[in-house]
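Next comes final-v7.csv, a file with CSV, C-alpha atoms.
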```csv
chain,number,residue,atom,x,y,z
D,23,MET,CA,18.4,120.1,82.7
D,24,PRO,CA,16.9,117.4,80.5
D,25,THR,CA,13.7,115.6,81.3
D,26,VAL,CA,12.4,112.2,80.2
D,27,GLU,CA,10.4,114.0,77.5
D,28,GLY,CA,13.5,114.4,75.5
D,29,LEU,CA,14.1,110.7,75.3
D,30,ILE,CA,10.7,109.6,74.1
D,31,SER,CA,10.6,108.3,70.5
D,32,GLU,CA,8.1,109.8,68.1
D,33,LYS,CA,6.2,106.5,67.4
D,34,LEU,CA,4.5,104.8,70.3
D,35,TYR,CA,3.6,101.1,70.0
D,36,THR,CA,1.0,99.5,72.3
D,37,ILE,CA,-0.7,96.2,72.4
D,38,ASP,CA,-4.1,94.8,73.4
D,39,PRO,CA,-4.3,92.5,76.5
D,40,VAL,CA,-6.0,89.7,74.4
D,41,ALA,CA,-3.2,89.6,71.8
D,42,SER,CA,-0.8,86.7,72.1
D,43,VAL,CA,2.6,86.9,73.7
D,44,GLY,CA,3.9,85.7,70.3
D,45,ARG,CA,2.4,88.7,68.6
D,46,ALA,CA,4.0,91.0,71.2
D,47,ALA,CA,7.3,89.4,70.7
D,48,LEU,CA,7.0,89.9,66.9
D,49,ILE,CA,6.2,93.6,67.3
D,50,MET,CA,9.1,94.2,69.7
D,51,GLU,CA,11.5,92.4,67.4
D,52,ARG,CA,10.2,94.2,64.3
D,53,TYR,CA,10.6,97.6,65.8
D,54,GLY,CA,13.6,96.9,68.0
D,55,ILE,CA,11.8,97.8,71.3
D,56,GLY,CA,12.0,96.2,74.7
D,57,SER,CA,8.5,96.8,76.0
D,58,LEU,CA,4.9,97.6,75.0
D,59,PRO,CA,2.4,99.4,77.1
D,60,VAL,CA,-0.8,97.2,77.3
D,61,VAL,CA,-3.9,99.3,76.5
D,62,GLU,CA,-7.5,98.2,76.8
D,63,GLU,CA,-10.2,100.7,75.7
D,64,GLY,CA,-7.7,103.5,75.8
D,65,LYS,CA,-6.7,102.7,79.4
D,66,LEU,CA,-3.2,101.6,80.4
D,67,VAL,CA,-3.7,98.2,82.1
D,68,GLY,CA,-0.1,96.9,82.1
D,69,ILE,CA,3.3,96.6,80.4
D,70,ILE,CA,4.8,93.6,78.7
D,71,THR,CA,8.6,93.6,78.5
D,72,SER,CA,11.1,91.3,76.8
D,73,ARG,CA,11.7,89.8,80.3
D,74,ASP,CA,8.0,88.9,80.6
D,75,ILE,CA,8.1,87.4,77.1
D,76,LYS,CA,11.1,85.2,77.8
D,77,ARG,CA,9.4,83.5,80.7
D,78,SER,CA,6.0,83.1,79.1
D,79,HIS,CA,4.6,80.6,76.6
D,80,PRO,CA,4.0,82.4,73.2
D,81,ASN,CA,0.4,81.1,73.1
D,82,ARG,CA,-0.5,83.0,76.3
D,83,LEU,CA,-2.5,86.2,76.3
D,84,VAL,CA,-0.6,89.3,76.9
D,85,ALA,CA,-2.9,89.8,79.9
D,86,ASP,CA,-1.4,86.6,81.4
D,87,ALA,CA,2.2,87.6,80.8
D,88,MET,CA,2.2,91.4,81.4
D,89,THR,CA,3.3,93.2,84.5
D,90,ARG,CA,0.1,94.7,86.0
D,91,LYS,CA,1.7,97.3,88.2
D,92,VAL,CA,2.8,100.0,85.8
D,93,ILE,CA,5.2,102.7,87.1
D,94,THR,CA,4.6,105.9,85.2
D,95,VAL,CA,6.3,109.3,85.1
D,96,PRO,CA,5.2,112.6,83.7
D,97,PRO,CA,7.2,114.0,80.8
D,98,THR,CA,8.5,116.8,83.0
D,99,ALA,CA,10.2,114.3,85.3
D,100,CYS,CA,14.0,114.9,85.4
D,101,LEU,CA,16.4,112.1,84.6
D,102,THR,CA,17.6,111.5,88.1
D,103,GLU,CA,14.0,111.2,89.4
D,104,ALA,CA,13.3,108.6,86.7
D,105,GLN,CA,16.5,106.7,87.5
D,106,LYS,CA,15.6,106.6,91.2
D,107,LEU,CA,12.2,105.4,90.4
D,108,MET,CA,13.6,102.6,88.3
D,109,ALA,CA,16.1,101.6,91.0
D,110,LYS,CA,13.4,101.6,93.6
D,111,HIS,CA,11.0,99.3,91.7
D,112,LYS,CA,13.8,97.3,90.0
D,113,ILE,CA,12.5,97.9,86.5
D,114,GLU,CA,14.0,98.8,83.2
D,115,HIS,CA,11.1,100.6,81.5
D,116,LEU,CA,9.0,103.6,82.6
D,117,VAL,CA,5.7,104.6,80.8
D,118,VAL,CA,5.5,108.3,80.3
D,119,THR,CA,2.0,109.7,80.8
D,120,ARG,CA,0.5,113.1,80.6
D,121,GLU,CA,-2.6,112.9,82.9
D,122,SER,CA,-4.2,109.7,81.5
D,123,ASP,CA,-2.6,109.8,78.1
D,124,ILE,CA,0.3,107.5,77.3
D,125,ILE,CA,2.9,109.4,75.4
D,126,GLY,CA,5.9,107.1,75.4
D,127,VAL,CA,8.3,104.7,77.1
D,128,VAL,CA,11.8,105.4,78.4
D,129,THR,CA,14.3,102.7,79.2
D,130,HIS,CA,17.0,102.4,81.8
D,131,THR,CA,19.7,102.3,79.1
D,132,GLN,CA,18.5,105.6,77.6
D,133,ILE,CA,18.4,107.3,81.0
D,134,MET,CA,21.8,106.0,82.1
D,135,SER,CA,23.3,107.0,78.7
D,136,GLU,CA,21.8,110.5,79.0
D,137,LEU,CA,22.9,110.8,82.6
D,138,GLY,CA,26.4,109.8,81.7
D,139,LYS,CA,26.6,113.2,79.9
D,140,TYR,CA,26.2,114.8,83.3
D,141,THR,CA,28.8,112.7,85.1
D,142,ASP,CA,32.4,113.8,85.3
D,143,GLY,CA,34.5,111.1,83.7
D,144,LEU,CA,37.6,111.7,85.9
D,145,THR,CA,36.1,111.9,89.4
D,146,GLY,CA,32.7,110.1,88.8
D,147,LEU,CA,31.0,113.1,90.5
D,148,ASN,CA,28.0,114.9,89.0
D,149,LYS,CA,28.7,117.8,86.7
D,150,ALA,CA,27.5,121.3,87.6
D,151,GLU,CA,24.1,120.9,85.8
D,152,ILE,CA,23.0,118.3,88.3
D,153,LEU,CA,23.9,120.7,91.2
D,154,TYR,CA,21.8,123.4,89.6
D,155,GLU,CA,18.9,121.0,89.1
D,156,LYS,CA,19.0,119.8,92.7
D,157,ALA,CA,19.2,123.4,94.0
D,158,LEU,CA,16.2,124.4,92.0
D,159,GLU,CA,14.3,121.3,93.2
D,160,LEU,CA,15.0,122.3,96.8
D,161,LEU,CA,13.9,125.9,96.2
D,162,LYS,CA,10.7,124.6,94.5
D,163,LYS,CA,10.0,122.7,97.7
D,164,GLY,CA,10.3,125.9,99.6
D,165,GLN,CA,13.6,124.9,101.3
D,166,GLU,CA,16.5,127.2,102.1
D,167,ILE,CA,19.7,126.3,100.3
D,168,THR,CA,23.3,126.8,101.0
D,169,VAL,CA,26.2,126.4,98.5
D,170,ILE,CA,29.6,125.3,99.4
D,171,PHE,CA,32.3,126.1,96.8
D,172,LEU,CA,35.7,124.5,97.1
D,173,ASP,CA,38.8,125.4,95.2
D,174,LEU,CA,42.1,123.6,95.3
D,175,ASP,CA,45.0,125.9,96.2
D,176,ASN,CA,47.9,126.2,93.7
D,177,PHE,CA,46.6,123.4,91.5
D,178,GLY,CA,48.3,124.8,88.5
D,179,PHE,CA,51.6,124.6,90.3
D,180,ILE,CA,50.9,120.9,91.2
D,181,ASN,CA,50.2,120.1,87.6
D,182,LYS,CA,53.4,121.9,86.4
D,183,GLU,CA,55.6,120.5,89.2
D,184,TYR,CA,54.4,116.9,89.4
D,185,GLY,CA,52.6,116.4,86.1
D,186,HIS,CA,49.0,116.2,85.0
D,187,ILE,CA,48.7,112.5,85.9
D,188,TYR,CA,49.5,113.4,89.5
D,189,GLY,CA,47.1,116.3,89.2
D,190,ASP,CA,44.4,114.0,88.0
D,191,ASN,CA,45.0,111.7,91.0
D,192,VAL,CA,44.7,114.7,93.4
D,193,LEU,CA,41.4,115.6,91.8
D,194,ARG,CA,40.1,112.0,92.1
D,195,GLN,CA,41.3,111.7,95.7
D,196,THR,CA,39.7,115.1,96.6
D,197,ALA,CA,36.4,113.9,95.1
D,198,LEU,CA,36.6,110.7,97.3
D,199,ILE,CA,37.3,112.8,100.4
D,200,LEU,CA,34.5,115.2,99.8
D,201,ASN,CA,32.1,112.5,98.8
D,202,SER,CA,32.8,110.5,102.0
D,203,LEU,CA,31.7,113.5,104.1
D,204,ILE,CA,28.4,114.4,102.5
D,205,ASP,CA,25.0,113.0,103.3
D,206,SER,CA,23.4,112.2,100.0
D,207,ASN,CA,19.9,113.0,101.5
D,208,LYS,CA,21.0,116.5,102.2
D,209,GLU,CA,23.8,117.4,99.8
D,210,THR,CA,24.5,117.1,96.1
D,211,LEU,CA,28.2,117.3,95.3
D,212,CYS,CA,29.7,118.1,91.9
D,213,ARG,CA,33.0,118.8,90.2
D,214,TYR,CA,32.1,122.3,89.1
D,215,ALA,CA,35.0,122.8,86.8
D,216,GLY,CA,38.8,122.2,86.6
D,217,ASP,CA,40.0,122.1,90.2
D,218,GLU,CA,36.7,123.4,91.7
D,219,PHE,CA,34.1,121.4,93.5
D,220,ALA,CA,30.7,122.5,94.8
D,221,ALA,CA,27.9,121.2,96.9
D,222,VAL,CA,24.4,122.4,97.5
D,223,THR,CA,22.7,121.5,100.7
D,224,ASN,CA,19.5,122.2,102.6
D,225,ARG,CA,21.4,122.6,105.8
D,226,PRO,CA,21.3,126.1,107.3
D,227,LEU,CA,24.3,128.3,106.8
D,228,PRO,CA,26.0,127.6,110.2
D,229,GLU,CA,25.7,123.8,109.7
D,230,ALA,CA,26.9,124.1,106.1
D,231,GLU,CA,29.9,126.1,107.3
D,232,LYS,CA,30.7,123.4,109.8
D,233,LEU,CA,30.6,120.8,107.0
D,234,ALA,CA,32.8,122.9,104.8
D,235,ARG,CA,35.4,123.1,107.7
D,236,GLN,CA,35.2,119.3,108.0
D,237,MET,CA,35.9,119.0,104.3
D,238,VAL,CA,38.9,121.3,104.4
D,239,LEU,CA,40.3,119.6,107.5
D,240,ALA,CA,39.8,116.1,106.0
D,241,HIS,CA,41.5,117.3,102.9
D,242,ALA,CA,44.5,118.8,104.8
D,243,ASN,CA,44.9,115.6,106.9
D,244,GLU,CA,45.1,113.3,103.8
D,245,ASN,CA,48.4,111.6,103.1
D,246,TRP,CA,49.1,112.9,99.6
D,247,PRO,CA,51.7,110.9,97.6
D,248,GLY,CA,55.2,112.4,97.9
D,249,LYS,CA,54.1,114.1,101.0
D,250,ILE,CA,53.4,117.3,99.1
D,251,LYS,CA,51.1,119.9,100.5
D,252,VAL,CA,47.7,120.0,98.8
D,253,ALA,CA,45.2,122.5,100.3
D,254,ILE,CA,41.7,123.5,99.5
D,255,SER,CA,39.7,126.6,100.4
D,256,ALA,CA,36.0,126.9,100.8
D,257,GLY,CA,33.4,129.6,100.4
D,258,VAL,CA,29.9,129.1,101.8
D,259,ALA,CA,26.9,131.2,100.8
D,260,GLY,CA,23.3,130.8,101.9
D,261,GLY,CA,20.6,131.9,104.3
D,262,ARG,CA,17.4,133.8,104.0
D,263,CYS,CA,16.8,133.0,100.3
D,264,SER,CA,13.2,133.9,100.9
D,265,GLU,CA,14.3,137.5,100.9
D,266,LEU,CA,15.9,137.0,97.6
D,267,HIS,CA,12.6,135.4,96.4
D,268,SER,CA,10.7,138.5,97.4
D,269,SER,CA,13.0,140.7,95.3
D,270,GLY,CA,11.1,139.4,92.3
D,271,GLU,CA,14.0,137.2,90.9
D,272,ASP,CA,13.4,133.7,89.7
D,273,SER,CA,14.8,130.6,91.3
D,274,SER,CA,17.5,130.0,88.8
D,275,TYR,CA,18.8,133.5,89.5
D,276,ILE,CA,19.0,132.6,93.2
D,277,VAL,CA,21.0,129.5,92.5
D,278,LYS,CA,23.4,131.3,90.2
D,279,TYR,CA,23.7,134.1,92.7
D,280,LEU,CA,24.6,131.7,95.5
D,281,VAL,CA,27.1,129.7,93.4
D,282,ASN,CA,28.8,133.0,92.4
D,283,THR,CA,28.8,134.3,96.0
D,284,ALA,CA,30.2,131.1,97.3
D,285,SER,CA,32.9,131.0,94.6
D,286,LEU,CA,33.9,134.6,95.5
D,287,ALA,CA,34.0,133.7,99.2
D,288,SER,CA,36.4,130.8,98.4
D,289,THR,CA,38.7,133.2,96.6
D,290,ARG,CA,38.5,135.5,99.7
D,291,ALA,CA,39.3,132.5,101.9
D,292,LYS,CA,42.4,131.9,99.8
D,293,LYS,CA,43.5,135.5,100.0
D,294,LEU,CA,42.9,135.7,103.8
D,295,LYS,CA,44.5,132.3,104.2
D,296,LYS,CA,41.4,131.1,106.1
D,297,PRO,CA,40.0,127.6,105.5
D,298,VAL,CA,36.5,128.8,105.1
D,299,VAL,CA,34.7,132.0,104.5
D,300,ALA,CA,30.9,132.0,105.0
D,301,VAL,CA,28.6,134.7,103.6
D,302,LYS,CA,25.0,135.4,104.2
D,303,ALA,CA,23.7,135.8,100.7
D,304,ILE,CA,21.2,138.6,101.4
D,305,GLU,CA,23.9,140.7,103.1
D,306,PHE,CA,26.3,140.0,100.3
D,307,ASN,CA,23.6,141.0,97.8
D,308,LYS,CA,23.6,144.4,99.3
D,309,THR,CA,27.3,144.9,98.9
D,310,VAL,CA,28.0,143.2,95.6
D,311,GLY,CA,25.9,143.8,92.5
D,312,MET,CA,25.5,141.1,89.9
E,15,MET,CA,16.7,47.2,34.9
E,16,THR,CA,16.4,49.1,31.7
E,17,LEU,CA,14.6,52.4,31.3
E,18,GLN,CA,11.9,50.7,29.1
E,19,GLU,CA,11.1,48.2,31.9
E,20,THR,CA,10.7,51.0,34.5
E,21,SER,CA,8.2,52.9,32.5
E,22,ARG,CA,6.0,49.8,32.2
E,23,SER,CA,5.8,49.1,36.0
E,24,PRO,CA,2.3,49.9,37.5
E,25,GLU,CA,1.7,53.1,39.5
E,26,PRO,CA,1.5,52.5,43.3
E,27,GLN,CA,-2.0,52.6,44.6
E,28,ARG,CA,-2.8,55.4,47.1
E,29,LYS,CA,-5.7,55.0,49.5
E,30,ALA,CA,-6.9,56.9,52.5
E,31,ASP,CA,-8.6,55.3,55.5
E,32,ILE,CA,-10.9,57.6,57.4
E,33,SER,CA,-11.7,56.8,61.0
E,34,ILE,CA,-14.1,59.0,62.9
E,35,LYS,CA,-14.8,59.1,66.6
E,36,LEU,CA,-17.8,61.1,67.6
E,37,SER,CA,-18.6,62.1,71.1
E,38,GLU,CA,-20.2,64.9,72.9
E,39,PHE,CA,-18.1,67.9,73.6
E,40,GLU,CA,-18.0,68.6,77.3
E,41,ILE,CA,-19.2,72.0,78.3
E,42,PRO,CA,-17.2,73.3,79.9
E,43,PRO,CA,-14.3,71.2,78.8
E,44,MET,CA,-12.5,71.5,82.1
E,45,GLN,CA,-14.4,69.4,84.6
E,46,ASP,CA,-14.2,70.4,88.3
E,47,ILE,CA,-10.8,72.0,88.8
E,48,LEU,CA,-8.0,73.3,86.7
E,49,LEU,CA,-4.5,74.0,88.0
E,50,VAL,CA,-2.8,76.5,85.8
E,51,GLY,CA,1.0,76.2,85.7
E,52,LYS,CA,3.1,79.4,85.7
E,53,ARG,CA,4.5,78.8,82.2
E,54,ALA,CA,1.5,77.0,80.8
E,55,PRO,CA,0.3,77.8,77.3
E,56,ILE,CA,-2.8,79.5,78.7
E,57,GLY,CA,-2.9,81.7,81.8
E,58,PRO,CA,-5.6,82.6,84.2
E,59,GLU,CA,-6.9,85.5,82.2
E,60,ALA,CA,-7.4,83.3,79.2
E,61,VAL,CA,-9.1,80.7,81.3
E,62,ARG,CA,-11.3,83.4,82.9
E,63,ARG,CA,-12.4,84.6,79.4
E,64,MET,CA,-13.0,81.0,78.2
E,65,VAL,CA,-15.0,80.1,81.3
E,66,ASP,CA,-17.0,83.3,81.2
E,67,ALA,CA,-17.9,82.6,77.6
E,68,VAL,CA,-18.9,78.9,78.0
E,69,SER,CA,-20.1,78.6,81.6
E,70,PRO,CA,-20.8,82.1,83.0
E,71,GLU,CA,-20.8,82.4,86.8
E,72,GLN,CA,-20.1,78.7,87.4
E,73,TYR,CA,-16.3,78.9,88.1
E,74,GLU,CA,-14.2,80.9,90.4
E,75,ILE,CA,-10.6,81.8,89.6
E,76,VAL,CA,-8.2,81.9,92.5
E,77,ARG,CA,-4.7,83.5,91.8
E,78,LEU,CA,-2.0,81.7,93.8
E,79,ASN,CA,1.4,82.6,95.1
E,80,HIS,CA,2.8,79.1,94.5
E,81,GLU,CA,6.1,77.8,93.0
E,82,VAL,CA,4.4,75.8,90.2
E,83,PHE,CA,0.9,77.0,89.8
E,84,GLU,CA,-0.3,80.5,88.9
E,85,ALA,CA,-4.0,80.0,89.5
E,86,VAL,CA,-6.6,77.5,90.2
E,87,VAL,CA,-10.1,77.5,88.6
E,88,VAL,CA,-12.7,75.7,90.7
E,89,LYS,CA,-16.3,74.9,90.1
E,90,LYS,CA,-18.4,77.0,92.5
E,91,SER,CA,-20.7,74.2,93.3
E,92,LEU,CA,-17.8,72.3,94.9
E,93,LEU,CA,-17.2,75.2,97.2
E,94,ARG,CA,-20.7,74.9,98.5
E,95,LEU,CA,-19.7,71.4,99.8
E,96,LEU,CA,-16.3,72.3,101.1
E,97,PRO,CA,-14.8,75.8,101.7
E,98,LYS,CA,-11.9,76.6,99.4
E,99,GLU,CA,-9.5,76.9,102.4
E,100,LYS,CA,-10.0,73.2,103.0
E,101,LEU,CA,-10.3,72.0,99.4
E,102,LEU,CA,-7.6,73.8,97.5
E,103,PRO,CA,-4.6,73.0,99.6
E,104,VAL,CA,-5.4,69.3,99.1
E,105,VAL,CA,-5.8,69.6,95.4
E,106,ILE,CA,-2.8,71.8,95.0
E,107,ASP,CA,-0.6,69.5,97.1
E,108,GLU,CA,-1.6,66.5,95.0
E,109,GLY,CA,-1.3,68.4,91.7
E,110,ASN,CA,2.2,69.5,92.8
E,111,ARG,CA,3.4,65.9,92.9
E,112,ILE,CA,2.8,65.3,89.2
E,113,ALA,CA,2.8,68.7,87.5
E,114,SER,CA,5.4,71.1,86.2
E,115,GLU,CA,4.9,74.8,85.6
E,116,ASN,CA,4.4,74.2,81.9
E,117,MET,CA,1.3,72.2,82.5
E,118,VAL,CA,-2.4,72.7,83.0
E,119,ILE,CA,-3.8,70.0,85.1
E,120,LYS,CA,-7.5,69.1,85.2
E,121,ALA,CA,-8.9,67.4,88.2
E,122,GLN,CA,-12.2,65.6,88.7
E,123,VAL,CA,-13.2,65.8,92.3
E,124,ASN,CA,-15.8,63.8,94.1
E,125,ILE,CA,-16.8,65.0,97.5
E,126,THR,CA,-18.8,62.8,99.8
E,127,ILE,CA,-20.1,64.3,103.0
E,128,GLN,CA,-20.4,61.7,105.7
E,129,ILE,CA,-22.9,62.6,108.4
E,130,SER,CA,-23.9,60.7,111.4
E,131,ARG,CA,-26.5,62.1,113.6
E,132,THR,CA,-28.1,60.9,116.8
E,133,VAL,CA,-31.5,61.9,117.9
E,134,ASP,CA,-33.3,61.3,121.1
E,135,LEU,CA,-36.0,58.7,121.0
```
Is it possible to express this structure as structure tokens?
Amino acid sequence: MPTVEGLISEKLYTIDPVASVGRAALIMERYGIGSLPVVEEGKLVGIITSRDIKRSHPNRLVADAMTRKVITVPPTACLTEAQKLMAKHKIEHLVVTRESDIIGVVTHTQIMSELGKYTDGLTGLNKAEILYEKALELLKKGQEITVIFLDLDNFGFINKEYGHIYGDNVLRQTALILNSLIDSNKETLCRYAGDEFAAVTNRPLPEAEKLARQMVLAHANENWPGKIKVAISAGVAGGRCSELHSSGEDSSYIVKYLVNTASLASTRAKKLKKPVVAVKAIEFNKTVGM
Amino acid sequence: MTLQETSRSPEPQRKADISIKLSEFEIPPMQDILLVGKRAPIGPEAVRRMVDAVSPEQYEIVRLNHEVFEAVVVKKSLLRLLPKEKLLPVVIDEGNRIASENMVIKAQVNITIQISRTVDL
């Protein structure tokens, strides 16, 4: 998953607090940049942005026009983290620092453009990369994770029988239903691929299974156009990841393992004509090799 | 008028009058109080640096959360006569009536303390 480091430009421009606002404006215009970190004796003391410049007299000192409270991120911060920080502080520029060294600036436009690559254009949901990133983040915090994998039944038939436009509408509507049921503080939902959706959650397995059942039920109760039957099956995998940790595997292995296990469980749910099949990962690990 | 006549006409005389007014430069050039507008050509940091250079330790800068003014620079000796909680609201209120946020207003302030005491005879 990309971090802010990938967005930093090679050349970093800074300005002294006793330079004039006019000088800052000139530098920004010359190099096509929207902000300058303000540095005094090697120390970051503020940031001056094009917004600050617009509302200041050009004769003013940068120190009298800059924003003193500078929000910084380390280069290892992921894009969603940076985006949340910008939204929280209502800012458009983040200064990237490694310890006390300034290494660059990233803008809201850059981050949103990069994040757009990880958003599914049809449903507006995250792509799978975001789910993997969130799952790893939870594991790093020492939390147990559960994966819910949802697969539309006979979606190929729907596309063939009613056309791809109808199929696209089914996918969009499915995304809306699933999204309305998740708690964004606990779950991260994504369109995994084609007609498959997945969510990672920090709820324990029984609670995640309950959520999966709610998702399948809400989907079944939806009034689909033409009153056709559209069903979805869910597989849930999780529980006791700490035992997987102790097997010596890294965190990304655990996430991949859980996604795979949950996807196999959804296939099993389809075969057994059950709405949801839940699997305790460690037990599954003993029966299915990867 | 022919070309020949034009060439004969005299050149216009150019003179410069120089007028000089000499007076002593006030140090500091800001009197008692400065009210710094939010969009004024100089801000509080510039004022601080100027005051520190020309009159070190004589002025105090108070940053404001005000609709027109960003800061007020006040002579410390005034604050010995009247606490700033009493003095500044009056000056800011009066300044606000005439100023815009693009301006820096200088104010000359005279404070007279009136005292009446009674002693037992």
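Proximity to range 96-109 of chain D at 7 Å, evaluated using all atoms listed in the file and with sequence-adjacent residues fewer than 5 positions away removed, yields Pro24, Thr25, Val26, Glu27, Glu114, Val118, Thr119, Arg120, Ile133 and Leu137 of chain D.
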Show me, as a VMD selection string, the residues that have an atom within 6 Å of Glu115 in chain E when counting all atoms listed in the file, minus same-chain residues fewer than 4 positions from it. chain E and resid 51 to 53 82
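The gap separating CA of Arg77 in chain D from CA of Leu34 in chain D is 24.2 Å, in Å to one decimal.
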When you count all atoms listed in the file, which of these residues is closest to Ser114 in chain E: E:Val88, E:Pro70, E:Arg94, E:Leu49?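 Once distances to Ser114 in chain E are computed over all atoms listed in the file, the minimum belongs to E:Leu49.
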Contact check, chain D to chain E, at most 12 Å, counting all atoms listed in the file, closest pairs as a Markdown table:
```
| residue | atom | partner | partner_atom | distance |
| --- | --- | --- | --- | --- |
| D:Pro39 | CA | E:Glu59 | CA | 9.4 |
| D:Val40 | CA | E:Ala60 | CA | 8.1 |
| D:Ala41 | CA | E:Ala60 | CA | 10.6 |
| D:Ser42 | CA | E:Ile56 | CA | 10.0 |
| D:Val43 | CA | E:Pro55 | CA | 10.1 |
| D:Gly44 | CA | E:Pro55 | CA | 11.2 |
| D:Asp74 | CA | E:Arg53 | CA | 10.8 |
| D:Ile75 | CA | E:Arg53 | CA | 10.6 |
| D:Lys76 | CA | E:Arg53 | CA | 10.2 |
| D:Arg77 | CA | E:Arg53 | CA | 7.0 |
| D:Ser78 | CA | E:Arg53 | CA | 5.5 |
| D:His79 | CA | E:Pro55 | CA | 5.2 |
| D:Pro80 | CA | E:Pro55 | CA | 7.2 |
| D:Asn81 | CA | E:Pro55 | CA | 5.3 |
| D:Arg82 | CA | E:Ile56 | CA | 4.8 |
| D:Leu83 | CA | E:Ala60 | CA | 6.4 |
| D:Val84 | CA | E:Glu59 | CA | 9.1 |
| D:Ala85 | CA | E:Glu59 | CA | 6.3 |
| D:Asp86 | CA | E:Gly57 | CA | 5.1 |
| D:Ala87 | CA | E:Gly57 | CA | 7.9 |
| D:Met88 | CA | E:Glu59 | CA | 10.9 |
```
Which residue, E:Val105, E:Val50, E:Val86, E:Ala30, has the smallest gap to Gln122 in chain E when you use all atoms listed in the file?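 Answer, going by the shortest atom-to-atom distance: E:Val105.
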Under the rule that only C-alpha atoms are counted, which of D:Arg90, D:Arg225, D:Arg73, D:His241 is the nearest residue to Ser202 in chain D? D:His241
One number please: CA of Phe83 in chain E to CA of Lys91 in chain D, in Å, one decimal.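 If I compute the distance from CA of Phe83 in chain E to CA of Lys91 in chain D, I get 20.4 Å.
The coordinates place CA of Ile125 in chain D at 9.1 Å from CA of Lys33 in chain D.
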